[in-house]
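See below for the structure under consideration.
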Amino acid sequence: MSMISINGLNLSVTTGKTTAHILKDVSFDLEAGRITGVAGASGSGKTQTGLAIMGLSPAGAELSGSIDFDGVELVGMPAKQHNRLRGVQLSMVFQDPASAFHPMLTVGDQITDHLRHHQKMPKKKALAKAVDILGRTKVPHPDEAIHKYPHQFSGGQLQRIAFASAIICDPKVLIADEPTTALDVTVQAGILRLLRELCDDLDLAVLLVTHDFGVLSSVADTIVVMQNGVVVETGDRETVITAPEHEYTRSLIESLPGAEVAR
Amino acid sequence: MAGASTVPQGTRDAAPPGPVENDAAQRIEPPKLHPLLRFILIRIGISILLIWGVTVVTFLLTNLVPTDPVAAILGDRAAADPEIVAQTREKLGLDQPLIVQYFTYLSNLLHGDLGVSNQTRTPVLESIGQVFPASIELGIGAILISVVVGLLLGLLSALRQNTIVDHAIRTLSLIGISAPTFWIATVAYFVFFFKLRVVPGAGRLDPWITPPPKATGLYTVDALFSGQMATFTNALGHLVLPSCVLALFTIGLLTRFSRSSVLDIIRFDYVTAAKAKGLPTRTVVFKYIFRGALVPIITVVGLAFGSLLSGAVLTETVFAWNGLGQYAYRGATTLDLPVIMGVGLVIGIVYILVNFIVDLIYGFVDPRVRVR
Amino acid sequence: MSIGSPKHPATGSTRTEAATGDPLGPVVKRWQFRFPKSLRTPLGFVGAAILVIWLILAIFAPLVAPFDPLAQDFPRLTGPGAENILGTDTLGRDVFSRIVVAARTTLPAAVFVVICSALLGSVLGAIAGYFGRAVDEIIMRIADLVFAFPTIILAMVIAAALGPGLKNAIIAILLVSWPSYARVTRSLVMTARSSEYVIAGRLLGFSAGRSLLREIAPNVISPVIVLATLDVGSAILTMAGLSFLSLGAVPPTPDWGAMISEGVSQFAAWWIAFFPGLCILTIVMAFNFIGDSLRDSLDPHTAQEVGETTS
């Protein structure tokens with residue numbers, strides 16, 4: 001049973017007089033405890049798929065098709081109802097951790113405000129839980145970290161804090177939008193390992209969006225390849241990498257360093 | 001002003017609202033002073049240099065201009081007598097080299113001597129001291145109105161971008177900054193006092209009411225302190241129309257600025273991140289968007305204060321508001337140079353100080369300046 | 001790229017991916033500054049229409065004005081009526097004729113002063129930005145000093161020192177308004193100077209002067225034009241303020257600011273102050289509408305640069 005089942009999803013965005021068709025008949029599933037990686041070039045619609053699940057499609061967007069979340073239909077869901085799922089059951093981690101945190105609010109404030117809002121948890125208790133979770137995502141000195149501001153952390157640490165913020169309300173789905181792209185190469189592997197651990201331990205259904213096929217080949221269980229808003233290939237990591245069917249997938253694999261050697 | 005060369009540009013040029021990447025150069029350089037202290041010291045240095053510059057400007061303007069100050073003081077008949085002219089020149093120190101004259105001028109300033117009005121023969125500083133509180137009262141009223149109204153309109157306009165509300169607010173704010181304040185004052189006074197009688201007449205109090213005992217010089221505050229409620233309401237009533245009129249221009253300014261500031265902020269990931277946490281709109285708007293937009297807006301409030309001062313010089317006369325503006329107006333219309341220069345100097349200094357305070361607030365509000 | 005490149009949720013992709021195109025891209029993009037198109041917004045159109053009406057009124061003022069603006073031929077303080085459509089002033093002069101004739105001095109004077117200060121300011125700013133170091137310091141510290149005064153206050157002080165008169169008022173406004181151009185030009189020149197395409201030009205052996213003129217100038221011209229358009233409005237406002245303080249055009253020359261000043265104490269004769277003020281409002285509004293529409297056609301970063309200094 002899939003946690004999220006996307007079926008025939010279409011998205012078009014109208015700005016002024018022009019309408020852009022961003023997603024065309026997209027279908028794939030997210031399973032609990034598995035990482036589903038979506039690969040594709042910029043503009044292929046991979047990020048918009050994630051935002052559609054979150055209900056954060058841009059202004060002027062029109063969605064059709066179906067996103068089934070554990071038996072609940074997300075497409076066409078009233079904004080208020082969707083807002084009650086966001087942060088609680090559906091959570092998200094962004095590309096650039098430096099811009100995903102408000103520079104003027106403490107980290108502790110920002111990773112607990114949804115907890116306090118959704119679960120009406122008092123501030124002290126929420127901060128205690130934050131320290132706990134920060135330890136879990138391996139942020140050094142969590143008890144000090146909650147009182148610090150984002151600019152006092154490195155990018156890798158901030159991304160760990162972002163993961164803490166994402167899992168603090170025990171969500172079922174985690175959407176990670178290019179979580180390693182803005183980071184130093186040296187810390188990327190650590191973040192991916194963290195993602196894997198969280199996915200396994202918390203039984204999360206993870207959607208990992210990236211343009212880096214190398215990232216997918218190391219952590220994803222299932223790989224979805226998108227091109228121009230269309231899903232061109234879906235399958236197990238092994239199958240997709242060893243026996244790609246679509247030409248675009250093949251070109252992505254060939255662009256990996258060391259690919260020629262492997263042939 | 002080569003001395004300012006080591007001083008970085010003002011915060012207005014530098015720190016934008018968004019997240020800042022770790023700057024390698026900042027890390028290598030070991031911080032000797034606490035960053036906030038360093039920031040404050042730099043701002044103090046800049047302010048002092050600017051104030052010094054202002055004295056140079058007023059000095060040069062009084063001394064390097066074609067009008068002969070001696071003739072202005074003596075009047076036509078005495079100025080025709082070369083001996084009297086020479087004596088006066090000597091008495092005024094005008095036979096000294098310019099640099100000596102400047103230091104005399106500067107030392108006079110430091111002793112509180114801004115010269116004597118050509119018209120009334122009263123010391124300029126004394127007169128300014130008497131009228132200053134009236135302008136401060138008006139200025140505070142106007143800045144409060146314009147900050148509250150301007151920020152809310154700007155926020156509303158940005159959140160409703162490209163809707164009718166947005167277009168209406170943008171158009172109105174453009175019209176607001178297009179109207180000459182002294183004309184708006186005249187029209188408003190005519191309509192609300194002369195025709196509708198909904199506001200009290202000119203001045204700071206009705207003529208039959210005695211001013212409250214002087215403590216701060218602000219009638220509303222003084223009346224409150226001495227418990228004279230009738231005087232307080234009267235003074236407040238008199239304050240309403242002038243401060244609203246004066247605020248119009250700055251409302252336009254702040255609306256436009258806060259709109260663009262909020263629009264800048266909305267694009268940041270932290271706003272999407274806040275929405276992705278399922279926070280209610282109210283929290284996203286005020287805790288995340290507005291807080292981020294506030295930083296650049298704070299610096300503009302200082303600038304807005306400058307236009308308020310300019311507006312005050314032109315509008316106080318209309319409302320017979322006995323403040324710095326009316327004093328300057330009288331000085332200008334009678335070409336009373338010491339008065340004009342004195343007012344220019346004082347307003348320049350006040351403006352610099354206000355911007356200094358604004359920079360300090362900015363430093364305290366933004367943790368990227370405050371903590372490292 | 002620490003600040004200017006937040007990831008837009010709608011586009012999704014990173015800027016770095018998008019920016020790997022043609023290094024000559026920025027030149028073409030910034031130079032896209034089509035007047036007619038950028039004025040096609042409703043505000044721009046209204047502004048242009050008002051401006052055209054005013055230009056016609058000013059050019060044909062002698063034909064439009066029914067009477068001699070200086071002749072004291074009528075009963076004093078007559079309200080708007082059949083003969084004097086906007087009434088008469090305290091000396092029995094026709095208000096309508098005076099208003100129309102005043103446009104003939106105000107408009108050219110404002111445009112003239114703005115052109116002069118735009119030239120002066122952008123040349124100084126370009127020099128400061130291009131040469132940097134001591135030259136930059138001296139010019140920009142002087143600019144800071146001018147910014148240390150509220151505009152009208154400094155203009156008032158200068159005009160008072162020089163003595164009343166239109167010429168001195170123009171000099172005063174010129175002296176207070178050049179720094180905003182210097183700031184904008186300086187920062188644009190500095191950005192352009194370190195940008196890839198200018199460095200590429202220098203690597204190809206183009207001289208400093210050539211790169212300044214050919215590569216940088218196109219980037220600087222459009223923001224300066226926008227700033228200047230907005231500035232005509234503030235020049236008119238400052239000029240009106242100075243004549244309100246009797247530091248502008250000398251009586252009996254018809255002048256809007258002076259007319260309002262005359263009407264302030266005349267509550268029974270509201271028309272004396274009301275109509276000149278309406279003239280100032282409409283014409284400043286026209287320039288602001290046009291300038292605002294033009295600014296929207298600039299790229300966002302430059303537009304912000306322009307916006308900040310005009311506020």
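Just remember, in the structure tokens the first chain shown is A, the second B, etc., residues are 1-based per chain, and ligands are 1-based in the order shown.
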
Can I get the residues of chain A within 10 Å of chain B, each with the closest pair of atoms and their distance in Å to one decimal, using only C-alpha atoms, sorted chain first then ascending number, as JSON lines?
```
{"residue": "A:Leu51", "atom": "CA", "partner": "B:Ala276", "partner_atom": "CA", "distance": 9.0}
{"residue": "A:Met54", "atom": "CA", "partner": "B:Ala276", "partner_atom": "CA", "distance": 6.8}
{"residue": "A:Gly55", "atom": "CA", "partner": "B:Ala276", "partner_atom": "CA", "distance": 8.5}
{"residue": "A:Leu56", "atom": "CA", "partner": "B:Ala276", "partner_atom": "CA", "distance": 7.5}
{"residue": "A:Lys80", "atom": "CA", "partner": "B:Pro280", "partner_atom": "CA", "distance": 8.7}
{"residue": "A:Gln81", "atom": "CA", "partner": "B:Gly278", "partner_atom": "CA", "distance": 9.8}
{"residue": "A:His82", "atom": "CA", "partner": "B:Gly278", "partner_atom": "CA", "distance": 8.0}
{"residue": "A:Asn83", "atom": "CA", "partner": "B:Gly278", "partner_atom": "CA", "distance": 4.7}
{"residue": "A:Arg84", "atom": "CA", "partner": "B:Gly278", "partner_atom": "CA", "distance": 6.0}
{"residue": "A:Leu85", "atom": "CA", "partner": "B:Gly278", "partner_atom": "CA", "distance": 6.9}
{"residue": "A:Arg86", "atom": "CA", "partner": "B:Gly278", "partner_atom": "CA", "distance": 4.4}
{"residue": "A:Gly87", "atom": "CA", "partner": "B:Lys277", "partner_atom": "CA", "distance": 3.8}
{"residue": "A:Val88", "atom": "CA", "partner": "B:Lys277", "partner_atom": "CA", "distance": 7.4}
{"residue": "A:Gln89", "atom": "CA", "partner": "B:Lys277", "partner_atom": "CA", "distance": 9.8}
{"residue": "A:Leu90", "atom": "CA", "partner": "B:Ala276", "partner_atom": "CA", "distance": 8.2}
{"residue": "A:Ser91", "atom": "CA", "partner": "B:Ala276", "partner_atom": "CA", "distance": 6.5}
{"residue": "A:Met92", "atom": "CA", "partner": "B:Ala276", "partner_atom": "CA", "distance": 6.5}
{"residue": "A:Val93", "atom": "CA", "partner": "B:Ala273", "partner_atom": "CA", "distance": 7.8}
{"residue": "A:Phe94", "atom": "CA", "partner": "B:Ala273", "partner_atom": "CA", "distance": 7.5}
{"residue": "A:Gln95", "atom": "CA", "partner": "B:Asp269", "partner_atom": "CA", "distance": 8.8}
{"residue": "A:Asp96", "atom": "CA", "partner": "B:Asp269", "partner_atom": "CA", "distance": 7.9}
{"residue": "A:Pro97", "atom": "CA", "partner": "B:Asp269", "partner_atom": "CA", "distance": 8.7}
{"residue": "A:Ala98", "atom": "CA", "partner": "B:Pro19", "partner_atom": "CA", "distance": 6.1}
{"residue": "A:Ser99", "atom": "CA", "partner": "B:Pro19", "partner_atom": "CA", "distance": 5.4}
{"residue": "A:Ala100", "atom": "CA", "partner": "B:Tyr270", "partner_atom": "CA", "distance": 4.0}
{"residue": "A:Phe101", "atom": "CA", "partner": "B:Tyr270", "partner_atom": "CA", "distance": 5.0}
{"residue": "A:His102", "atom": "CA", "partner": "B:Tyr270", "partner_atom": "CA", "distance": 5.6}
{"residue": "A:Pro103", "atom": "CA", "partner": "B:Pro19", "partner_atom": "CA", "distance": 5.9}
{"residue": "A:Met104", "atom": "CA", "partner": "B:Pro367", "partner_atom": "CA", "distance": 5.8}
{"residue": "A:Leu105", "atom": "CA", "partner": "B:Pro367", "partner_atom": "CA", "distance": 8.2}
{"residue": "A:Thr106", "atom": "CA", "partner": "B:Pro367", "partner_atom": "CA", "distance": 9.1}
{"residue": "A:Gln110", "atom": "CA", "partner": "B:Ala274", "partner_atom": "CA", "distance": 8.5}
{"residue": "A:Ile111", "atom": "CA", "partner": "B:Lys277", "partner_atom": "CA", "distance": 9.2}
{"residue": "A:Thr112", "atom": "CA", "partner": "B:Lys277", "partner_atom": "CA", "distance": 9.8}
{"residue": "A:Asp113", "atom": "CA", "partner": "B:Leu279", "partner_atom": "CA", "distance": 7.8}
{"residue": "A:His114", "atom": "CA", "partner": "B:Lys277", "partner_atom": "CA", "distance": 5.8}
{"residue": "A:Leu115", "atom": "CA", "partner": "B:Lys277", "partner_atom": "CA", "distance": 8.8}
{"residue": "A:Arg116", "atom": "CA", "partner": "B:Leu279", "partner_atom": "CA", "distance": 9.8}
{"residue": "A:His117", "atom": "CA", "partner": "B:Leu279", "partner_atom": "CA", "distance": 7.0}
{"residue": "A:His118", "atom": "CA", "partner": "B:Leu279", "partner_atom": "CA", "distance": 8.1}
{"residue": "A:Lys148", "atom": "CA", "partner": "B:Val371", "partner_atom": "CA", "distance": 8.9}
{"residue": "A:Tyr149", "atom": "CA", "partner": "B:Pro367", "partner_atom": "CA", "distance": 7.1}
{"residue": "A:Pro150", "atom": "CA", "partner": "B:Pro19", "partner_atom": "CA", "distance": 8.7}
{"residue": "A:His151", "atom": "CA", "partner": "B:Arg368", "partner_atom": "CA", "distance": 6.7}
{"residue": "A:Gln152", "atom": "CA", "partner": "B:Arg372", "partner_atom": "CA", "distance": 6.5}
{"residue": "A:Phe153", "atom": "CA", "partner": "B:Asn22", "partner_atom": "CA", "distance": 9.0}
{"residue": "A:Ser154", "atom": "CA", "partner": "B:Asn22", "partner_atom": "CA", "distance": 7.9}
{"residue": "A:Gly155", "atom": "CA", "partner": "B:Glu21", "partner_atom": "CA", "distance": 8.9}
{"residue": "A:Ala162", "atom": "CA", "partner": "B:Ala273", "partner_atom": "CA", "distance": 9.5}
{"residue": "A:Ser165", "atom": "CA", "partner": "B:Lys277", "partner_atom": "CA", "distance": 8.6}
{"residue": "A:Ala166", "atom": "CA", "partner": "B:Lys277", "partner_atom": "CA", "distance": 7.9}
{"residue": "A:Cys169", "atom": "CA", "partner": "B:Lys277", "partner_atom": "CA", "distance": 9.6}
```

Task: Selection near Asp221 in chain A, 8 Å with only C-alpha atoms, sequence-local residues under 2 positions removed, as a VMD selection string - done: chain A and resid 34 to 37 219 223 236 to 237

Keeping only C-alpha atoms, write those residues as a short mmCIF file (atom, residue, chain, number, x, y, z; two decimals), in the first residue's frame.
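Wrote again29.cif, looks like this:
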```
data_model
loop_
_atom_site.label_atom_id
_atom_site.label_comp_id
_atom_site.auth_asym_id
_atom_site.auth_seq_id
_atom_site.Cartn_x
_atom_site.Cartn_y
_atom_site.Cartn_z
CA ARG A 34 11.54 3.91 0.82
CA ILE A 35 13.28 6.76 -0.96
CA THR A 36 11.81 7.62 -4.31
CA GLY A 37 14.23 9.71 -6.31
CA VAL A 219 20.46 6.39 -2.00
CA ILE A 223 14.00 6.11 -9.52
CA ASP A 236 13.91 0.03 -9.13
CA ARG A 237 17.29 1.61 -8.78
#
```

TODO: Mind checking which residues fall within 10 Å of range 10-16 of chain A, counting only C-alpha atoms, ignoring those fewer than 2 positions away in the same chain, and posting them as a PyMOL selection string?
DONE: (chain A and resi 7-8+18-27+45+48-49+52+57-66+229-230) or (chain C and resi 10)

Export N, CA and C atoms of the chosen residues as an mmCIF file, in the first residue's frame?
```cif
data_model
loop_
_atom_site.group_PDB
_atom_site.id
_atom_site.type_symbol
_atom_site.label_atom_id
_atom_site.label_comp_id
_atom_site.auth_asym_id
_atom_site.auth_seq_id
_atom_site.Cartn_x
_atom_site.Cartn_y
_atom_site.Cartn_z
ATOM 1 N N ASN A 7 -1.503 10.070 -9.580
ATOM 2 C CA ASN A 7 -2.111 9.448 -10.745
ATOM 3 C C ASN A 7 -2.586 10.477 -11.771
ATOM 4 N N GLY A 8 -1.993 10.465 -12.937
ATOM 5 C CA GLY A 8 -2.429 11.359 -14.017
ATOM 6 C C GLY A 8 -2.417 12.817 -13.625
ATOM 7 N N THR A 18 -0.081 33.923 -20.972
ATOM 8 C CA THR A 18 0.527 32.678 -21.411
ATOM 9 C C THR A 18 0.301 31.579 -20.372
ATOM 10 N N THR A 19 0.051 30.392 -20.841
ATOM 11 C CA THR A 19 -0.128 29.245 -19.964
ATOM 12 C C THR A 19 0.977 28.237 -20.248
ATOM 13 N N ALA A 20 1.669 27.834 -19.160
ATOM 14 C CA ALA A 20 2.732 26.847 -19.335
ATOM 15 C C ALA A 20 2.267 25.521 -18.742
ATOM 16 N N HIS A 21 2.388 24.448 -19.511
ATOM 17 C CA HIS A 21 2.027 23.130 -19.001
ATOM 18 C C HIS A 21 3.261 22.514 -18.374
ATOM 19 N N ILE A 22 3.247 22.451 -17.040
ATOM 20 C CA ILE A 22 4.454 22.059 -16.326
ATOM 21 C C ILE A 22 4.507 20.562 -16.088
ATOM 22 N N LEU A 23 3.373 19.990 -15.720
ATOM 23 C CA LEU A 23 3.327 18.545 -15.514
ATOM 24 C C LEU A 23 2.285 17.958 -16.458
ATOM 25 N N LYS A 24 2.655 16.855 -17.109
ATOM 26 C CA LYS A 24 1.710 16.221 -18.028
ATOM 27 C C LYS A 24 1.552 14.757 -17.648
ATOM 28 N N ASP A 25 0.379 14.431 -17.111
ATOM 29 C CA ASP A 25 0.016 13.048 -16.844
ATOM 30 C C ASP A 25 1.090 12.312 -16.033
ATOM 31 N N VAL A 26 1.476 12.924 -14.925
ATOM 32 C CA VAL A 26 2.528 12.328 -14.094
ATOM 33 C C VAL A 26 1.914 11.292 -13.151
ATOM 34 N N SER A 27 2.491 10.110 -13.098
ATOM 35 C CA SER A 27 2.028 9.082 -12.165
ATOM 36 C C SER A 27 3.215 8.339 -11.560
ATOM 37 N N GLY A 45 9.946 19.716 -14.144
ATOM 38 C CA GLY A 45 8.737 19.611 -13.329
ATOM 39 C C GLY A 45 8.921 18.815 -12.064
ATOM 40 N N GLN A 48 8.100 20.960 -9.002
ATOM 41 C CA GLN A 48 6.673 21.279 -8.961
ATOM 42 C C GLN A 48 5.841 20.086 -8.500
ATOM 43 N N THR A 49 6.308 18.871 -8.793
ATOM 44 C CA THR A 49 5.605 17.691 -8.308
ATOM 45 C C THR A 49 5.600 17.690 -6.780
ATOM 46 N N ALA A 52 3.375 20.360 -5.444
ATOM 47 C CA ALA A 52 1.961 20.010 -5.636
ATOM 48 C C ALA A 52 1.483 19.122 -4.487
ATOM 49 N N SER A 57 1.669 24.973 -4.884
ATOM 50 C CA SER A 57 1.875 25.340 -6.284
ATOM 51 C C SER A 57 1.800 26.849 -6.433
ATOM 52 N N PRO A 58 2.540 27.407 -7.399
ATOM 53 C CA PRO A 58 2.601 28.863 -7.526
ATOM 54 C C PRO A 58 1.249 29.469 -7.885
ATOM 55 N N ALA A 59 1.165 30.808 -7.736
ATOM 56 C CA ALA A 59 -0.072 31.504 -8.063
ATOM 57 C C ALA A 59 -0.415 31.285 -9.532
ATOM 58 N N GLY A 60 -1.674 31.100 -9.825
ATOM 59 C CA GLY A 60 -2.098 30.899 -11.208
ATOM 60 C C GLY A 60 -1.959 29.463 -11.664
ATOM 61 N N ALA A 61 -1.723 28.557 -10.706
ATOM 62 C CA ALA A 61 -1.539 27.155 -11.085
ATOM 63 C C ALA A 61 -2.875 26.431 -11.121
ATOM 64 N N GLU A 62 -2.994 25.498 -12.066
ATOM 65 C CA GLU A 62 -4.196 24.683 -12.098
ATOM 66 C C GLU A 62 -3.802 23.211 -12.097
ATOM 67 N N LEU A 63 -4.320 22.485 -11.109
ATOM 68 C CA LEU A 63 -3.965 21.077 -10.932
ATOM 69 C C LEU A 63 -5.140 20.203 -11.356
ATOM 70 N N SER A 64 -4.834 19.099 -12.023
ATOM 71 C CA SER A 64 -5.879 18.102 -12.232
ATOM 72 C C SER A 64 -5.238 16.731 -12.097
ATOM 73 N N GLY A 65 -6.066 15.714 -11.992
ATOM 74 C CA GLY A 65 -5.537 14.386 -11.731
ATOM 75 C C GLY A 65 -5.705 14.059 -10.262
ATOM 76 N N SER A 66 -4.864 13.179 -9.738
ATOM 77 C CA SER A 66 -5.087 12.749 -8.360
ATOM 78 C C SER A 66 -3.781 12.568 -7.604
ATOM 79 N N GLY A 229 8.259 17.694 -17.987
ATOM 80 C CA GLY A 229 6.958 17.517 -17.354
ATOM 81 C C GLY A 229 6.355 16.141 -17.547
ATOM 82 N N VAL A 230 7.089 15.246 -18.174
ATOM 83 C CA VAL A 230 6.567 13.904 -18.415
ATOM 84 C C VAL A 230 7.477 12.887 -17.723
ATOM 85 N N ALA C 10 8.615 29.268 -8.109
ATOM 86 C CA ALA C 10 7.915 28.945 -9.342
ATOM 87 C C ALA C 10 8.845 28.331 -10.386
#
```

TODO: Could you give me the residues within range 61-143 of chain A that DSSP places in helix (DSSP H, G or I), as a PyMOL selection string?
DONE: chain A and resi 79-85+97-100+107-119+123-136+142-143

- [ ] For Ile347 in chain B, work out the shell of residues within 12 Å, counting only C-alpha atoms and skipping chain neighbours fewer than 4 positions away, then give it as an NGL selection string.
- [x] (:B and (51 or 54-55 or 58 or 128 or 132 or 135-136 or 305-310 or 312-313 or 324-325 or 328 or 340-343 or 351-354)) or (:C and (148-154 or 156-157))

Chain A contacts to chain C at 7 Å (only C-alpha atoms) as a short mmCIF file (atom, residue, chain, number, x, y, z; two decimals) with N, CA and C atoms, in the first residue's frame:
```cif
data_model
loop_
_atom_site.label_atom_id
_atom_site.label_comp_id
_atom_site.auth_asym_id
_atom_site.auth_seq_id
_atom_site.Cartn_x
_atom_site.Cartn_y
_atom_site.Cartn_z
N SER A 42 16.58 20.94 -15.03
CA SER A 42 15.76 22.02 -14.49
C SER A 42 14.63 22.29 -15.49
N GLY A 43 13.44 22.54 -14.93
CA GLY A 43 12.30 22.77 -15.79
C GLY A 43 11.60 21.48 -16.18
N THR A 47 10.50 19.59 -9.20
CA THR A 47 10.23 20.37 -7.99
C THR A 47 8.74 20.66 -7.86
N PRO A 58 2.54 27.41 -7.40
CA PRO A 58 2.60 28.86 -7.53
C PRO A 58 1.25 29.47 -7.89
#
```

Task: Residue contacts of Val111 in chain C (10 Å, only C-alpha atoms) excluding same-chain residues fewer than 4 positions away, as number ranges by chain - done: C: 106-107, 115-117, 228-229, 231-233, 235-236

TODO: Please provide as a list in words all residues within 9 Å of Gly214 in chain A, with the sequence filter that same-chain residues fewer than 6 positions apart are discarded (counting only C-alpha atoms).
DONE: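 Counting only the stated atoms, we get Ile253, Leu256 and Pro257 of chain A.
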
Who sits within 8 Å of Val250 in chain C, only C-alpha atoms, same chain under 6 positions skipped, as a compact mmCIF listing (two decimals) with C-alpha atoms, in the first residue's frame:
```txt
# COMPACT_ATOMS: atom_id res chain seq x y z
CA PRO C 164 16.19 85.03 -4.42
CA GLY C 165 15.60 84.47 -8.11
CA LEU C 166 14.82 81.70 -10.55
```

TODO: Have a look at A:Val173, A:Ile241, A:Val131, A:Ala189 and name the one nearest to Asp70 in chain A; count only C-alpha atoms.
DONE: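 Among the listed residues, the smallest separation from Asp70 in chain A belongs to A:Val173.
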
Task: Atomic separation - CA of Asp89 in chain C relative to CA of Arg76 in chain C, Å - done: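 So the answer is 5.9 Å.
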
- [ ] Give me every strand (DSSP E or B) residue in range 31-133 of chain A, going by DSSP on the backbone, as a PyMOL selection string.
- [x] chain A and resi 34-39+61-69+72-73+86+90-93

Keeping C-alpha atoms for every residue in the selection just given, could you write it to a file as a compact mmCIF listing (two decimals), in the first residue's frame?
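Everything below was put into selection14.txt:
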```txt
# COMPACT_ATOMS: atom_id res chain seq x y z
CA ARG A 34 11.54 3.91 0.82
CA ILE A 35 13.28 6.76 -0.96
CA THR A 36 11.81 7.62 -4.31
CA GLY A 37 14.23 9.71 -6.31
CA VAL A 38 13.03 11.99 -9.06
CA ALA A 39 15.69 12.98 -11.56
CA ALA A 61 -1.54 27.15 -11.09
CA GLU A 62 -4.20 24.68 -12.10
CA LEU A 63 -3.97 21.08 -10.93
CA SER A 64 -5.88 18.10 -12.23
CA GLY A 65 -5.54 14.39 -11.73
CA SER A 66 -5.09 12.75 -8.36
CA ILE A 67 -2.67 12.73 -5.46
CA ASP A 68 -3.87 10.14 -2.97
CA PHE A 69 -2.32 10.49 0.45
CA VAL A 72 -7.12 11.24 1.29
CA GLU A 73 -7.32 13.14 -1.99
CA ARG A 86 1.56 20.50 6.08
CA LEU A 90 3.73 16.24 4.94
CA SER A 91 7.03 17.98 5.42
CA MET A 92 9.68 19.44 3.20
CA VAL A 93 13.38 20.26 3.12
```
